[in-house]
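*Asks:* Below are the structure tokens for one structure; questions will follow.
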Amino acid sequence: MMKSRSRSTERIAQRILAAAFSAAASLTFAPTALIPAAAAQTQLPPPVSYAPADARQDRIEELEAQLRQATADYEALQLELMQANREITRLRGMVGELAGVNQDAVASIADPDAPAAGEAGGAPLGGGANPSAYDRGAQLEGAYSGAQARASGTLGTLSESQLPAPSMPVRDAGDDFAAARSQLNNGQLAEAEISFADFLQRYPDDTNAAEARYWYAFTLLARRSYQEAAANFVTYLQSYGTSARAPEAQVRLGMALIGMGQQRQGCGAFNQLTARYPNAARNVRDLAAREARAAQCNA
């Protein structure tokens, strides 16, 4: 009897322990089961990183430099094309002249006894009334073909003093300067460069000579002729160092020197701007600062 009660007690105890373990297991794993699968797989996006302001500014300046270089290359091609067109026009004129001479030569071969143009009734050149002219014609016939002698006409009988003086168009300094500025404003740097150089040669003492010198140097710089640009900016500063454009010419000189590879001298031109021109305009000071940063003058 005692043994059966003991066994019943053990069974009850085992059931209680099993229930306790089951409850503990449900409490341990229930929170994990309640977490949605989608939430467990969600990942936050990586943090966005921004480049420093100086790096962005350097990139902008690099793109501007590439644009200036592309523009200069385009202007150089325009100048070469213009020169080629002029050469083609000149060659066409020469071909036309040679064609006329060849036609006369063919005509003389086909009919050697035909009278030359301007000879009345087939009379010899100078026809007896003017023996000297006839003798001169005979000499031409001996030295050249008949066609070439006839092509010479009477021009060979005139002295240089008897020839009419060529008429030269009247040119005005103001008109020439305005034309050069118009080319510059229209972006025709190659043509403007030639026009300003011609203006400085023709009118070195004109009232617009200072402006012409500055813009001539400017076009040289834009077309990457750095050495010539630097020389002309130096000439401008020496002659017009107190003019309104002198501060900007100082900065442009530094840019030309940097383009030549003379970084120390170019940086010196940037750094001396405020000392030489303390009242320089804000845009000129900003230009000097940008160019100095691009050239790593303070590195």
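Chain labels run A, B, ... following the order of the structure tokens; each chain numbers its residues from 1, and ligands are numbered from 1 in the order shown.
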Tell me, as a PyMOL selection string, which residues lie within 9 Å of range 236-241 of chain A, counting only C-alpha atoms; anything in the same chain fewer than 5 positions away does not count.

*Replies:* chain A and resi 210+213-214+217+231+246-247+249-250

*Asks:* Compile the contact shell of Asp73 in chain A as a ChimeraX atom specification: residues with an atom at most 10 Å away, counting only C-alpha atoms, same-chain residues fewer than 6 positions apart removed.

*Replies:* /A:67,79,222-224

*Asks:* Figure out the distance between CA of Asn232 in chain A and CA of Ala173 in chain A, please, to one decimal in Å.

*Replies:*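 We find that CA of Ala173 in chain A and CA of Asn232 in chain A lie 20.5 Å from each other.
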
*Asks:* Can you work out the spacing between CA of Phe199 in chain A and CA of Asp176 in chain A in Å, to one decimal?

*Replies:*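 CA of Asp176 in chain A lies at a distance of 6.8 Å from CA of Phe199 in chain A.
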
*Asks:* In terms of the shortest atom-to-atom distance over only C-alpha atoms, which of A:Ala230, A:Asn208, A:Tyr216, A:Ala190 is closest to Ala72 in chain A?

*Replies:*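 Comparing A:Ala230, A:Asn208, A:Tyr216, A:Ala190 against Ala72 in chain A, the winner is A:Ala190.
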